[in-house]
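Engineer: Handing over input07.cif, mmCIF, C-alpha atoms (C1' of nucleotides).
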```cif
data_coords
loop_
_atom_site.label_atom_id
_atom_site.label_comp_id
_atom_site.auth_asym_id
_atom_site.auth_seq_id
_atom_site.Cartn_x
_atom_site.Cartn_y
_atom_site.Cartn_z
CA MET A 1 -36.71 -15.67 93.23
CA ASP A 2 -33.35 -15.78 94.80
CA GLN A 3 -33.19 -19.39 93.72
CA THR A 4 -33.09 -18.11 90.15
CA GLU A 5 -30.21 -15.86 91.08
CA ARG A 6 -28.34 -18.78 92.54
CA ILE A 7 -28.64 -20.69 89.27
CA ILE A 8 -27.48 -17.74 87.24
CA GLN A 9 -24.60 -17.35 89.65
CA ALA A 10 -23.62 -20.95 89.07
CA LEU A 11 -23.63 -20.46 85.32
CA ASP A 12 -21.62 -17.33 85.56
CA SER A 13 -18.99 -18.66 87.89
CA ALA A 14 -18.52 -21.67 85.64
CA GLY A 15 -17.71 -19.33 82.81
CA TYR A 16 -20.96 -19.59 80.87
CA GLN A 17 -22.87 -16.58 79.69
CA ALA A 18 -26.08 -15.89 81.53
CA THR A 19 -28.09 -15.15 78.40
CA ALA A 20 -31.75 -14.26 78.28
CA ASN A 21 -32.70 -17.82 77.36
CA ARG A 22 -30.71 -19.34 80.16
CA ARG A 23 -32.19 -16.90 82.64
CA LEU A 24 -35.57 -17.90 81.40
CA VAL A 25 -34.87 -21.59 81.92
CA ALA A 26 -33.35 -20.82 85.30
CA GLY A 27 -36.52 -19.01 86.27
CA MET A 28 -38.73 -21.88 85.19
CA VAL A 29 -36.56 -24.40 86.98
CA ALA A 30 -36.50 -22.32 90.16
CA THR A 31 -40.26 -21.97 90.27
CA SER A 32 -41.03 -25.53 89.28
CA GLY A 33 -41.66 -26.64 92.85
CA GLY A 34 -40.98 -30.25 92.00
CA HIS A 35 -39.78 -32.40 89.20
CA PHE A 36 -40.25 -31.45 85.60
CA THR A 37 -39.38 -32.80 82.20
CA ALA A 38 -37.90 -31.02 79.23
CA ALA A 39 -41.31 -31.30 77.65
CA ASP A 40 -42.86 -29.51 80.64
CA LEU A 41 -40.59 -26.54 80.16
CA LEU A 42 -41.19 -26.45 76.43
CA GLU A 43 -44.91 -26.57 77.04
CA ARG A 44 -44.71 -23.86 79.65
CA GLY A 45 -42.63 -21.71 77.33
CA ARG A 46 -45.17 -22.12 74.58
CA ARG A 47 -48.03 -21.31 76.93
CA GLU A 48 -46.32 -18.17 78.14
CA ARG A 49 -45.62 -17.12 74.57
CA VAL A 50 -41.89 -17.16 75.07
CA ASN A 51 -39.83 -17.75 72.00
CA ILE A 52 -37.30 -20.38 72.94
CA GLY A 53 -36.12 -23.22 70.76
CA ARG A 54 -36.41 -26.88 71.56
CA ALA A 55 -32.71 -27.49 71.28
CA THR A 56 -31.97 -24.53 73.50
CA VAL A 57 -34.06 -25.93 76.34
CA PHE A 58 -32.34 -29.30 76.08
CA ARG A 59 -28.96 -27.60 76.00
CA ALA A 60 -29.77 -25.46 79.03
CA LEU A 61 -30.92 -28.48 81.02
CA GLU A 62 -27.82 -30.40 80.06
CA LEU A 63 -25.72 -27.49 81.18
CA LEU A 64 -27.48 -27.13 84.52
CA ALA A 65 -27.20 -30.85 85.13
CA GLU A 66 -23.50 -30.66 84.41
CA LEU A 67 -23.19 -27.92 87.04
CA HIS A 68 -25.19 -30.10 89.46
CA VAL A 69 -27.78 -27.39 89.82
CA ILE A 70 -30.42 -29.81 88.69
CA GLU A 71 -30.30 -33.55 88.68
CA ARG A 72 -31.78 -36.15 86.45
CA LEU A 73 -34.37 -38.50 87.83
CA ASP A 74 -35.87 -41.66 86.42
CA LEU A 75 -39.53 -41.74 87.24
CA PRO A 76 -41.15 -45.10 87.90
CA SER A 77 -43.00 -44.59 84.63
CA GLY A 78 -39.68 -44.80 82.85
CA SER A 79 -39.52 -41.22 81.72
CA HIS A 80 -36.79 -38.78 82.57
CA ALA A 81 -37.33 -35.77 84.73
CA TYR A 82 -35.18 -33.21 86.50
CA VAL A 83 -35.27 -31.71 89.95
CA LEU A 84 -33.66 -28.58 91.27
CA CYS A 85 -31.20 -29.46 93.98
CA ASP A 86 -28.36 -28.43 96.16
CA PRO A 87 -25.08 -28.95 94.33
CA ALA A 88 -23.04 -29.10 97.50
CA GLU A 89 -23.44 -32.60 98.81
CA HIS A 90 -24.35 -36.05 97.64
CA HIS A 91 -27.99 -36.77 98.28
CA HIS A 92 -31.08 -38.48 96.93
CA HIS A 93 -34.62 -37.53 96.09
CA LEU A 94 -37.96 -38.19 97.61
CA VAL A 95 -40.63 -37.51 95.05
CA CYS A 96 -44.35 -37.13 95.59
CA SER A 97 -46.27 -39.23 93.12
CA GLY A 98 -49.30 -37.06 93.69
CA CYS A 99 -48.18 -33.48 93.13
CA GLY A 100 -44.65 -33.98 91.84
CA ARG A 101 -43.01 -32.05 94.64
CA SER A 102 -39.64 -33.34 95.76
CA GLU A 103 -37.34 -33.22 98.77
CA ASP A 104 -33.62 -33.71 99.00
CA VAL A 105 -32.64 -36.53 101.31
CA ALA A 106 -29.17 -36.69 102.78
CA ASP A 107 -27.19 -39.77 101.92
CA GLY A 108 -26.48 -40.44 105.58
CA GLU A 109 -26.34 -44.08 106.55
CA LEU A 110 -26.82 -45.17 102.98
CA ALA A 111 -23.17 -44.64 102.14
CA ARG A 112 -22.17 -47.20 104.74
CA LEU A 113 -24.79 -49.64 103.54
CA VAL A 114 -23.62 -49.26 99.96
CA ASP A 115 -20.02 -49.86 100.99
CA GLU A 116 -21.03 -52.94 102.82
CA ILE A 117 -22.92 -54.33 99.83
CA GLY A 118 -19.98 -53.64 97.59
CA GLN A 119 -17.62 -55.41 99.92
CA ARG A 120 -19.88 -58.38 100.35
CA ASN A 121 -20.03 -58.85 96.58
CA GLY A 122 -16.47 -57.91 95.81
CA TYR A 123 -17.56 -54.99 93.67
CA ARG A 124 -15.85 -51.64 93.58
CA ILE A 125 -18.89 -49.37 93.68
CA GLU A 126 -18.68 -46.24 91.58
CA THR A 127 -22.15 -44.74 91.73
CA HIS A 128 -25.32 -45.43 93.54
CA ARG A 129 -28.73 -43.98 93.21
CA LEU A 130 -31.66 -44.18 95.55
CA GLU A 131 -35.03 -42.94 94.45
CA LEU A 132 -38.03 -42.78 96.73
CA PHE A 133 -41.57 -42.33 95.55
CA GLY A 134 -44.60 -41.77 97.68
CA LYS A 135 -47.20 -39.30 98.82
CA CYS A 136 -46.24 -36.05 100.49
CA PRO A 137 -48.08 -35.06 103.67
CA ASP A 138 -50.62 -32.97 101.75
CA CYS A 139 -51.36 -35.57 99.12
CA ALA A 140 -51.52 -38.31 101.71
CA ALA A 141 -54.07 -36.22 103.59
CA GLY A 142 -56.14 -35.81 100.46
CA THR A 143 -55.41 -32.14 99.85
CA PRO A 144 -53.25 -32.26 96.77
CA PRO A 145 -53.87 -28.90 95.09
CA ASN A 146 -51.15 -26.63 96.36
CA GLY A 147 -49.89 -24.59 93.49
CA ALA A 148 -47.24 -27.16 92.83
CA ALA A 149 -49.87 -29.56 91.62
CA SER A 150 -51.04 -27.62 88.62
CA LYS A 151 -47.82 -27.50 86.68
CA ALA A 152 -46.27 -30.72 87.87
CA SER A 153 -49.32 -32.74 87.05
CA SER A 154 -48.29 -33.41 83.48
CA SER A 155 -45.36 -35.52 84.46
CA ALA A 156 -46.23 -36.74 87.91
CA GLY A 157 -47.72 -39.76 89.38
CA GLN A 158 -48.05 -42.53 86.87
CA ARG A 159 -47.59 -46.11 87.96
CA PRO A 160 -47.56 -45.52 91.67
CA GLY A 161 -47.49 -49.19 92.55
CA GLY A 162 -44.95 -51.72 91.57
CA HIS A 163 -42.46 -54.06 93.06
CA MET B 1 -30.64 -73.94 80.60
CA ASP B 2 -32.81 -74.64 83.55
CA GLN B 3 -33.14 -70.91 83.96
CA THR B 4 -34.96 -70.89 80.63
CA GLU B 5 -37.27 -73.58 81.93
CA ARG B 6 -38.00 -71.51 85.00
CA ILE B 7 -39.08 -68.58 82.87
CA ILE B 8 -41.29 -70.74 80.71
CA GLN B 9 -42.77 -72.21 83.84
CA ALA B 10 -43.59 -68.73 85.09
CA LEU B 11 -45.35 -67.88 81.83
CA ASP B 12 -47.26 -71.09 81.88
CA SER B 13 -48.43 -70.89 85.44
CA ALA B 14 -49.63 -67.33 84.87
CA GLY B 15 -51.84 -68.63 82.11
CA TYR B 16 -49.84 -67.40 79.13
CA GLN B 17 -48.94 -69.61 76.23
CA ALA B 18 -45.32 -70.62 76.02
CA THR B 19 -45.04 -70.03 72.31
CA ALA B 20 -41.93 -70.49 70.21
CA ASN B 21 -41.23 -66.77 70.26
CA ARG B 22 -41.56 -66.49 73.99
CA ARG B 23 -39.33 -69.50 74.48
CA LEU B 24 -36.82 -67.83 72.26
CA VAL B 25 -36.89 -64.63 74.29
CA ALA B 26 -36.74 -66.66 77.49
CA GLY B 27 -33.65 -68.39 76.20
CA MET B 28 -31.94 -65.13 75.31
CA VAL B 29 -32.83 -63.60 78.63
CA ALA B 30 -31.60 -66.63 80.55
CA THR B 31 -28.25 -66.66 78.79
CA SER B 32 -27.73 -62.92 78.86
CA GLY B 33 -25.43 -63.07 81.86
CA GLY B 34 -26.13 -59.47 82.72
CA HIS B 35 -28.28 -56.60 81.74
CA PHE B 36 -29.61 -56.19 78.25
CA THR B 37 -31.83 -53.84 76.33
CA ALA B 38 -34.66 -54.61 73.96
CA ALA B 39 -32.33 -53.51 71.20
CA ASP B 40 -29.75 -56.08 72.32
CA LEU B 41 -32.23 -58.90 71.94
CA LEU B 42 -33.43 -57.65 68.59
CA GLU B 43 -29.85 -57.41 67.42
CA ARG B 44 -29.05 -60.87 68.69
CA GLY B 45 -32.12 -62.26 67.01
CA ARG B 46 -31.12 -60.72 63.74
CA ARG B 47 -27.57 -62.02 64.06
CA GLU B 48 -28.80 -65.52 64.76
CA ARG B 49 -31.15 -65.32 61.80
CA VAL B 50 -34.22 -65.80 63.93
CA ASN B 51 -37.39 -64.36 62.56
CA ILE B 52 -38.99 -62.45 65.39
CA GLY B 53 -40.79 -59.13 65.14
CA ARG B 54 -39.87 -55.97 66.93
CA ALA B 55 -43.23 -55.64 68.60
CA THR B 56 -43.10 -59.25 69.74
CA VAL B 57 -39.84 -58.74 71.58
CA PHE B 58 -41.19 -55.66 73.33
CA ARG B 59 -44.35 -57.52 74.22
CA ALA B 60 -42.43 -60.48 75.58
CA LEU B 61 -40.25 -58.24 77.73
CA GLU B 62 -43.24 -56.40 79.04
CA LEU B 63 -44.83 -59.71 79.92
CA LEU B 64 -41.76 -61.02 81.72
CA ALA B 65 -41.42 -57.78 83.61
CA GLU B 66 -45.03 -58.05 84.69
CA LEU B 67 -44.33 -61.55 86.03
CA HIS B 68 -41.27 -60.16 87.85
CA VAL B 69 -39.04 -62.58 86.01
CA ILE B 70 -37.03 -59.67 84.71
CA GLU B 71 -36.84 -56.18 86.03
CA ARG B 72 -36.33 -52.85 84.45
CA LEU B 73 -33.21 -50.91 85.21
CA ASP B 74 -32.22 -47.33 84.48
CA LEU B 75 -28.60 -47.23 83.51
CA PRO B 76 -26.58 -44.17 84.49
CA SER B 77 -26.44 -43.34 80.79
CA GLY B 78 -30.19 -42.84 80.91
CA SER B 79 -31.14 -45.80 78.78
CA HIS B 80 -33.41 -48.60 79.87
CA ALA B 81 -32.22 -52.13 80.36
CA TYR B 82 -33.54 -55.31 81.89
CA VAL B 83 -32.01 -57.91 84.17
CA LEU B 84 -33.08 -61.42 84.92
CA CYS B 85 -33.95 -61.77 88.56
CA ASP B 86 -35.56 -63.73 91.29
CA PRO B 87 -39.27 -62.93 91.44
CA ALA B 88 -39.64 -64.07 95.03
CA GLU B 89 -38.44 -61.17 97.12
CA HIS B 90 -37.93 -57.47 96.93
CA HIS B 91 -34.35 -56.70 96.05
CA HIS B 92 -32.07 -54.36 94.15
CA HIS B 93 -29.38 -54.65 91.54
CA LEU B 94 -25.66 -54.26 91.53
CA VAL B 95 -24.50 -53.79 87.98
CA CYS B 96 -20.98 -54.01 86.62
CA SER B 97 -20.20 -51.01 84.47
CA GLY B 98 -17.44 -53.01 82.81
CA CYS B 99 -19.00 -56.24 81.59
CA GLY B 100 -22.66 -55.62 82.31
CA ARG B 101 -23.05 -58.53 84.67
CA SER B 102 -25.41 -58.01 87.57
CA GLU B 103 -26.11 -59.35 91.03
CA ASP B 104 -29.26 -59.30 93.07
CA VAL B 105 -28.87 -57.55 96.39
CA ALA B 106 -31.28 -58.22 99.21
CA ASP B 107 -33.16 -55.21 100.48
CA GLY B 108 -32.08 -55.91 104.05
CA GLU B 109 -31.48 -52.85 106.15
CA LEU B 110 -32.56 -50.55 103.38
CA ALA B 111 -36.23 -51.06 104.12
CA ARG B 112 -35.73 -49.68 107.60
CA LEU B 113 -33.73 -46.76 106.29
CA VAL B 114 -36.41 -45.97 103.74
CA ASP B 115 -39.10 -46.07 106.40
CA GLU B 116 -37.11 -43.74 108.52
CA ILE B 117 -36.66 -41.26 105.69
CA GLY B 118 -40.35 -41.38 104.94
CA GLN B 119 -41.25 -40.72 108.52
CA ARG B 120 -38.79 -37.91 108.91
CA ASN B 121 -40.30 -36.14 105.88
CA GLY B 122 -43.89 -37.05 106.54
CA TYR B 123 -44.14 -38.94 103.26
CA ARG B 124 -46.00 -42.19 102.80
CA ILE B 125 -43.45 -44.09 100.73
CA GLU B 126 -44.84 -46.31 98.02
CA THR B 127 -41.82 -47.47 96.08
CA HIS B 128 -38.12 -47.17 96.38
CA ARG B 129 -35.37 -48.14 94.06
CA LEU B 130 -31.69 -48.49 94.75
CA GLU B 131 -29.29 -48.99 91.90
CA LEU B 132 -25.61 -49.66 92.37
CA PHE B 133 -23.04 -49.38 89.64
CA GLY B 134 -19.42 -50.38 89.84
CA LYS B 135 -16.80 -52.86 88.75
CA CYS B 136 -17.20 -56.57 89.43
CA PRO B 137 -14.22 -58.43 90.89
CA ASP B 138 -13.00 -59.51 87.44
CA CYS B 139 -13.31 -56.10 85.84
CA ALA B 140 -11.76 -54.42 88.86
CA ALA B 141 -8.82 -56.82 88.54
CA GLY B 142 -8.42 -55.92 84.89
CA THR B 143 -9.62 -59.22 83.45
CA PRO B 144 -12.91 -58.17 81.93
CA PRO B 145 -13.41 -60.63 79.05
CA ASN B 146 -15.41 -63.45 80.54
CA GLY B 147 -18.00 -64.48 78.03
CA ALA B 148 -20.44 -62.08 79.55
CA ALA B 149 -18.46 -59.19 78.20
CA SER B 150 -18.97 -59.85 74.51
CA LYS B 151 -22.71 -59.57 74.36
CA ALA B 152 -23.25 -57.11 77.15
CA SER B 153 -20.76 -54.66 75.72
CA SER B 154 -23.27 -52.91 73.52
CA SER B 155 -25.19 -51.51 76.42
CA ALA B 156 -22.74 -51.53 79.28
CA GLY B 157 -20.44 -49.11 80.88
CA GLN B 158 -20.99 -45.62 79.66
CA ARG B 159 -20.57 -42.69 81.98
CA PRO B 160 -19.00 -44.47 84.90
CA GLY B 161 -18.42 -41.32 86.88
CA GLY B 162 -20.96 -38.95 88.31
CA HIS B 163 -22.24 -37.82 91.58
"C1'" DC C 1 -62.40 -80.02 61.42
"C1'" DA C 2 -64.34 -75.63 63.29
"C1'" DC C 3 -64.29 -72.09 66.28
"C1'" DG C 4 -62.88 -68.24 69.23
"C1'" DA C 5 -59.06 -66.56 71.76
"C1'" DA C 6 -54.33 -65.56 72.00
"C1'" DG C 7 -50.29 -64.35 69.71
"C1'" DT C 8 -47.69 -62.38 65.82
"C1'" DG C 9 -45.28 -59.38 62.08
"C1'" DA C 10 -45.11 -55.45 59.30
"C1'" DG C 11 -45.18 -51.09 59.28
"C1'" DA C 12 -47.06 -46.59 60.57
"C1'" DC C 13 -46.73 -43.49 64.21
"C1'" DT C 14 -45.13 -40.79 68.32
"C1'" DG C 15 -42.14 -38.40 71.22
"C1'" DA C 16 -37.53 -37.73 73.35
"C1'" DG C 17 -33.30 -36.44 72.44
"C1'" DT C 18 -29.27 -35.27 69.19
"C1'" DA C 19 -26.80 -33.25 65.21
"C1'" DT C 20 -26.04 -29.75 61.92
"C1'" DC C 21 -25.53 -25.36 60.25
"C1'" DA C 22 -26.29 -20.73 59.18
"C1'" DA C 23 -27.65 -16.62 61.58
"C1'" DA C 24 -27.70 -13.80 65.78
"C1'" DT C 25 -25.72 -12.12 69.84
"C1'" DG C 26 -22.19 -10.95 73.49
"C1'" DG C 27 -18.37 -8.83 75.00
"C1'" DA C 28 -13.77 -7.36 74.37
"C1'" DT C 29 -10.85 -4.24 71.86
"C1'" DC C 30 -9.73 -0.45 69.34
"C1'" DG D 1 -19.60 3.22 67.73
"C1'" DA D 2 -17.23 -0.24 64.46
"C1'" DT D 3 -14.89 -4.61 64.28
"C1'" DC D 4 -13.83 -9.15 65.48
"C1'" DC D 5 -14.22 -13.73 67.27
"C1'" DA D 6 -16.28 -16.99 70.32
"C1'" DT D 7 -20.50 -18.38 72.14
"C1'" DT D 8 -25.25 -19.09 71.78
"C1'" DT D 9 -29.35 -19.79 69.27
"C1'" DG D 10 -33.42 -21.56 66.28
"C1'" DA D 11 -34.98 -24.26 62.61
"C1'" DT D 12 -34.94 -28.37 60.91
"C1'" DA D 13 -33.60 -32.92 59.86
"C1'" DC D 14 -32.60 -37.05 61.89
"C1'" DT D 15 -32.24 -41.20 64.95
"C1'" DC D 16 -33.94 -44.34 68.01
"C1'" DA D 17 -36.98 -46.47 71.58
"C1'" DG D 18 -41.26 -47.73 72.29
"C1'" DT D 19 -46.36 -48.01 71.06
"C1'" DC D 20 -50.34 -48.86 68.17
"C1'" DT D 21 -53.00 -50.95 64.61
"C1'" DC D 22 -54.61 -54.41 61.88
"C1'" DA D 23 -54.80 -58.29 59.11
"C1'" DC D 24 -53.04 -62.81 59.49
"C1'" DT D 25 -51.54 -67.07 61.97
"C1'" DT D 26 -51.42 -70.29 65.55
"C1'" DC D 27 -53.19 -72.48 69.69
"C1'" DG D 28 -56.26 -75.08 72.53
"C1'" DT D 29 -60.70 -76.99 72.92
"C1'" DG D 30 -64.86 -79.15 71.75
#
```
What does this structure look like when you write it as structure tokens?

Structural biologist:
Amino acid sequence: MDQTERIIQALDSAGYQATANRRLVAGMVATSGGHFTAADLLERGRRERVNIGRATVFRALELLAELHVIERLDLPSGSHAYVLCDPAEHHHHLVCSGCGRSEDVADGELARLVDEIGQRNGYRIETHRLELFGKCPDCAAGTPPNGAASKASSSAGQRPGGH
Amino acid sequence: MDQTERIIQALDSAGYQATANRRLVAGMVATSGGHFTAADLLERGRRERVNIGRATVFRALELLAELHVIERLDLPSGSHAYVLCDPAEHHHHLVCSGCGRSEDVADGELARLVDEIGQRNGYRIETHRLELFGKCPDCAAGTPPNGAASKASSSAGQRPGGH
DNA sequence: CACGAAGTGAGACTGAGTATCAAATGGATC
DNA sequence: GATCCATTTGATACTCAGTCTCACTTCGTG
């Protein structure tokens, strides 16, 4: 779990206390293996008989998002999820609609494309967001259950089609 | 209001009745001039002393979204909005964080880029979504109030910064 | 007009997220 | 270890978006 350590590090170096609750959330985030919602963590906490308040979980997630340790995602279903990610560079997310697993995708060429669109329309672009949904190699091959599947299932994979 | 007509047409040719309520919603959507939330329409209805139920507005929006006459948008603030758009071709939205106005942006090169990303990661991509937020020419020039501004203000332009 | 289907409004309900506030805890200092 | 203050926490109330239900109304058709 050196991912957990990294999160705690981030908290600490930003001047926040690494309390037991925050460590707990960090641990759950680090081992999520994909995207997760606040409700997922709450549920998991309850299942594991951990005493952590609702508000505390929301606060911890807000904090981690602020530190860019996790990032908020809008699932095609319309609900909000988070993914663990690398705070260093601007990137996007590729999310498996089968098992919920997610990959970071470098911005790469997109930045240029976005600039171009902005220029063509006369807009001064401030933020852009690209979200990709599909099936990961395992799910595409029909072998979804991979550990990740079990706990991500609650929030993954509704409304795969669309537009 | 030939935009309104177009929407009614779409309802009609999909086999739905173009009732008074739906015409009303169509009219509000057509004259929105930017993105709007369900709450915006409800509020506008109340202000204009129109008697239309909460559920009816949600149902109408759902219906229009299904016909691809409007499309759902996730604002950077995390709330859900809709924009009127061309049902014909796959495209994305460029939204002004100042006045709420929005432009359709053709998918263009993005499709290729998305394919490439999918291939590189071994994912079978099902959906992608690009959302661009920034300042339109008017807002960038410091002349925001343009008619559109007044009614879009309730839902536009929070949290302009970010990653 | 009569009928069944489609549409509607009121209001109950649900679930996510926020706000409040008193109590607990952390960590620095003596 | 006792004291102090800032930070964190949990319980709970609250707000708000969106859904569901159900009785009632309206629509189109024969």

Engineer: Tell me the residues of chain B close to chain C, meaning within 8 Å using all atoms listed in the file, as a PyMOL selection string.

Structural biologist: chain B and resi 17+52-53+55-56

Engineer: Kindly assemble as a Markdown table a list of the chain B residues that lie within 8 Å of chain A, each paired with its nearest atom pair and their distance in Å to one decimal, using only C-alpha atoms, sorted first by chain and then by ascending residue number.

Structural biologist:
```
| residue | atom | partner | partner_atom | distance |
| --- | --- | --- | --- | --- |
| B:Asp74 | CA | A:Asp74 | CA | 7.0 |
| B:Gly78 | CA | A:His80 | CA | 7.9 |
| B:His80 | CA | A:Gly78 | CA | 7.9 |
| B:His90 | CA | A:His163 | CA | 6.9 |
| B:Cys96 | CA | A:Tyr123 | CA | 7.9 |
| B:Val105 | CA | A:Ile117 | CA | 7.6 |
| B:Glu109 | CA | A:Leu113 | CA | 7.9 |
| B:Leu110 | CA | A:Leu113 | CA | 7.8 |
| B:Leu113 | CA | A:Leu110 | CA | 7.8 |
| B:Val114 | CA | A:Leu132 | CA | 7.9 |
| B:Ile117 | CA | A:Val105 | CA | 7.6 |
| B:Gly122 | CA | A:Pro137 | CA | 5.5 |
| B:Tyr123 | CA | A:Cys136 | CA | 4.5 |
| B:Arg124 | CA | A:Lys135 | CA | 5.1 |
| B:Ile125 | CA | A:Gly134 | CA | 4.0 |
| B:Glu126 | CA | A:Gly134 | CA | 4.6 |
| B:Thr127 | CA | A:Phe133 | CA | 5.2 |
| B:His128 | CA | A:Leu132 | CA | 4.4 |
| B:Arg129 | CA | A:Glu131 | CA | 5.2 |
| B:Leu130 | CA | A:Leu130 | CA | 4.4 |
| B:Glu131 | CA | A:Arg129 | CA | 5.2 |
| B:Leu132 | CA | A:His128 | CA | 4.4 |
| B:Phe133 | CA | A:Thr127 | CA | 5.2 |
| B:Gly134 | CA | A:Ile125 | CA | 4.0 |
| B:Lys135 | CA | A:Arg124 | CA | 5.1 |
| B:Cys136 | CA | A:Tyr123 | CA | 4.5 |
| B:Pro137 | CA | A:Gly122 | CA | 5.4 |
| B:Ala140 | CA | A:Arg124 | CA | 6.8 |
| B:Pro160 | CA | A:Glu126 | CA | 6.9 |
| B:Gly161 | CA | A:Glu126 | CA | 6.8 |
| B:Gly162 | CA | A:Thr127 | CA | 6.8 |
| B:His163 | CA | A:His90 | CA | 6.7 |
```

Engineer: Generate a file of the selected residues that holds C-alpha atoms, formatted as an mmCIF file, in the frame of the given file.

Structural biologist:
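Writing done, so here's out11.cif:
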```cif
data_model
loop_
_atom_site.group_PDB
_atom_site.id
_atom_site.type_symbol
_atom_site.label_atom_id
_atom_site.label_comp_id
_atom_site.auth_asym_id
_atom_site.auth_seq_id
_atom_site.Cartn_x
_atom_site.Cartn_y
_atom_site.Cartn_z
ATOM 1 C CA ASP B 74 -32.220 -47.330 84.480
ATOM 2 C CA GLY B 78 -30.190 -42.840 80.910
ATOM 3 C CA HIS B 80 -33.410 -48.600 79.870
ATOM 4 C CA HIS B 90 -37.930 -57.470 96.930
ATOM 5 C CA CYS B 96 -20.980 -54.010 86.620
ATOM 6 C CA VAL B 105 -28.870 -57.550 96.390
ATOM 7 C CA GLU B 109 -31.480 -52.850 106.150
ATOM 8 C CA LEU B 110 -32.560 -50.550 103.380
ATOM 9 C CA LEU B 113 -33.730 -46.760 106.290
ATOM 10 C CA VAL B 114 -36.410 -45.970 103.740
ATOM 11 C CA ILE B 117 -36.660 -41.260 105.690
ATOM 12 C CA GLY B 122 -43.890 -37.050 106.540
ATOM 13 C CA TYR B 123 -44.140 -38.940 103.260
ATOM 14 C CA ARG B 124 -46.000 -42.190 102.800
ATOM 15 C CA ILE B 125 -43.450 -44.090 100.730
ATOM 16 C CA GLU B 126 -44.840 -46.310 98.020
ATOM 17 C CA THR B 127 -41.820 -47.470 96.080
ATOM 18 C CA HIS B 128 -38.120 -47.170 96.380
ATOM 19 C CA ARG B 129 -35.370 -48.140 94.060
ATOM 20 C CA LEU B 130 -31.690 -48.490 94.750
ATOM 21 C CA GLU B 131 -29.290 -48.990 91.900
ATOM 22 C CA LEU B 132 -25.610 -49.660 92.370
ATOM 23 C CA PHE B 133 -23.040 -49.380 89.640
ATOM 24 C CA GLY B 134 -19.420 -50.380 89.840
ATOM 25 C CA LYS B 135 -16.800 -52.860 88.750
ATOM 26 C CA CYS B 136 -17.200 -56.570 89.430
ATOM 27 C CA PRO B 137 -14.220 -58.430 90.890
ATOM 28 C CA ALA B 140 -11.760 -54.420 88.860
ATOM 29 C CA PRO B 160 -19.000 -44.470 84.900
ATOM 30 C CA GLY B 161 -18.420 -41.320 86.880
ATOM 31 C CA GLY B 162 -20.960 -38.950 88.310
ATOM 32 C CA HIS B 163 -22.240 -37.820 91.580
#
```

Engineer: At a cut-off of 12 Å, list the chain D residues touching chain B, using all atoms listed in the file, as JSON, numbers by chain.

Structural biologist: {"D": [16, 17, 18, 19, 20, 21, 26, 27, 28]}

Engineer: Could you tell me how far atom CA of B:Ala20 sits from atom CA of B:Val57, in Å to one decimal place?

Structural biologist: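 Between these atoms lies a distance of 12.0 Å.
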
Engineer: Between atom CA of A:Asp2 and atom CA of A:Ala26, what distance in Å does the model show, to one decimal?

Structural biologist: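 Between atom CA of A:Asp2 and atom CA of A:Ala26 the gap works out to 10.8 Å.
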
Engineer: In Å, how far is it from atom CA of B:Ala81 to atom CA of B:Thr31?

Structural biologist: 15.1 Å

Engineer: Please enclose the listed atoms of stretch 11-27 of chain D in an axis-aligned box, pad each side by 3 Å, and write out the centre and the three edge lengths in Å, rounded to one decimal, as JSON.

Structural biologist:
```
{"center_x": -43.5, "center_y": -48.4, "center_z": 65.7, "size_x": 28.6, "size_y": 54.2, "size_z": 19.2}
```

Engineer: Evaluated on this file, the PyMOL selection byres ((chain A and resi 69) around 12) picks out some residues - which ones are they, written as a VMD selection string?

Structural biologist: (chain A and resid 3 to 11 14 26 29 to 30 60 to 68 70 to 72 82 to 89) or (chain B and resid 163)

Engineer: Could you write out that same residue set with C-alpha atoms as a compact mmCIF listing (two decimals), in the coordinates of the input?

Structural biologist:
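Done, and the output landed in selection11.txt:
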```txt
# COMPACT_ATOMS: atom_id res chain seq x y z
CA GLN A 3 -33.19 -19.39 93.72
CA THR A 4 -33.09 -18.11 90.15
CA GLU A 5 -30.21 -15.86 91.08
CA ARG A 6 -28.34 -18.78 92.54
CA ILE A 7 -28.64 -20.69 89.27
CA ILE A 8 -27.48 -17.74 87.24
CA GLN A 9 -24.60 -17.35 89.65
CA ALA A 10 -23.62 -20.95 89.07
CA LEU A 11 -23.63 -20.46 85.32
CA ALA A 14 -18.52 -21.67 85.64
CA ALA A 26 -33.35 -20.82 85.30
CA VAL A 29 -36.56 -24.40 86.98
CA ALA A 30 -36.50 -22.32 90.16
CA ALA A 60 -29.77 -25.46 79.03
CA LEU A 61 -30.92 -28.48 81.02
CA GLU A 62 -27.82 -30.40 80.06
CA LEU A 63 -25.72 -27.49 81.18
CA LEU A 64 -27.48 -27.13 84.52
CA ALA A 65 -27.20 -30.85 85.13
CA GLU A 66 -23.50 -30.66 84.41
CA LEU A 67 -23.19 -27.92 87.04
CA HIS A 68 -25.19 -30.10 89.46
CA ILE A 70 -30.42 -29.81 88.69
CA GLU A 71 -30.30 -33.55 88.68
CA ARG A 72 -31.78 -36.15 86.45
CA TYR A 82 -35.18 -33.21 86.50
CA VAL A 83 -35.27 -31.71 89.95
CA LEU A 84 -33.66 -28.58 91.27
CA CYS A 85 -31.20 -29.46 93.98
CA ASP A 86 -28.36 -28.43 96.16
CA PRO A 87 -25.08 -28.95 94.33
CA ALA A 88 -23.04 -29.10 97.50
CA GLU A 89 -23.44 -32.60 98.81
CA HIS B 163 -22.24 -37.82 91.58
```

Engineer: Taking 5 positions as the minimum chain separation for residues in the same chain, which residues sit within 10 Å of B:Met28 when counting only C-alpha atoms (C1' of nucleotides)? Answer as a PyMOL selection string.

Structural biologist: chain B and resi 4+22-23+33+36+40-41+44-45
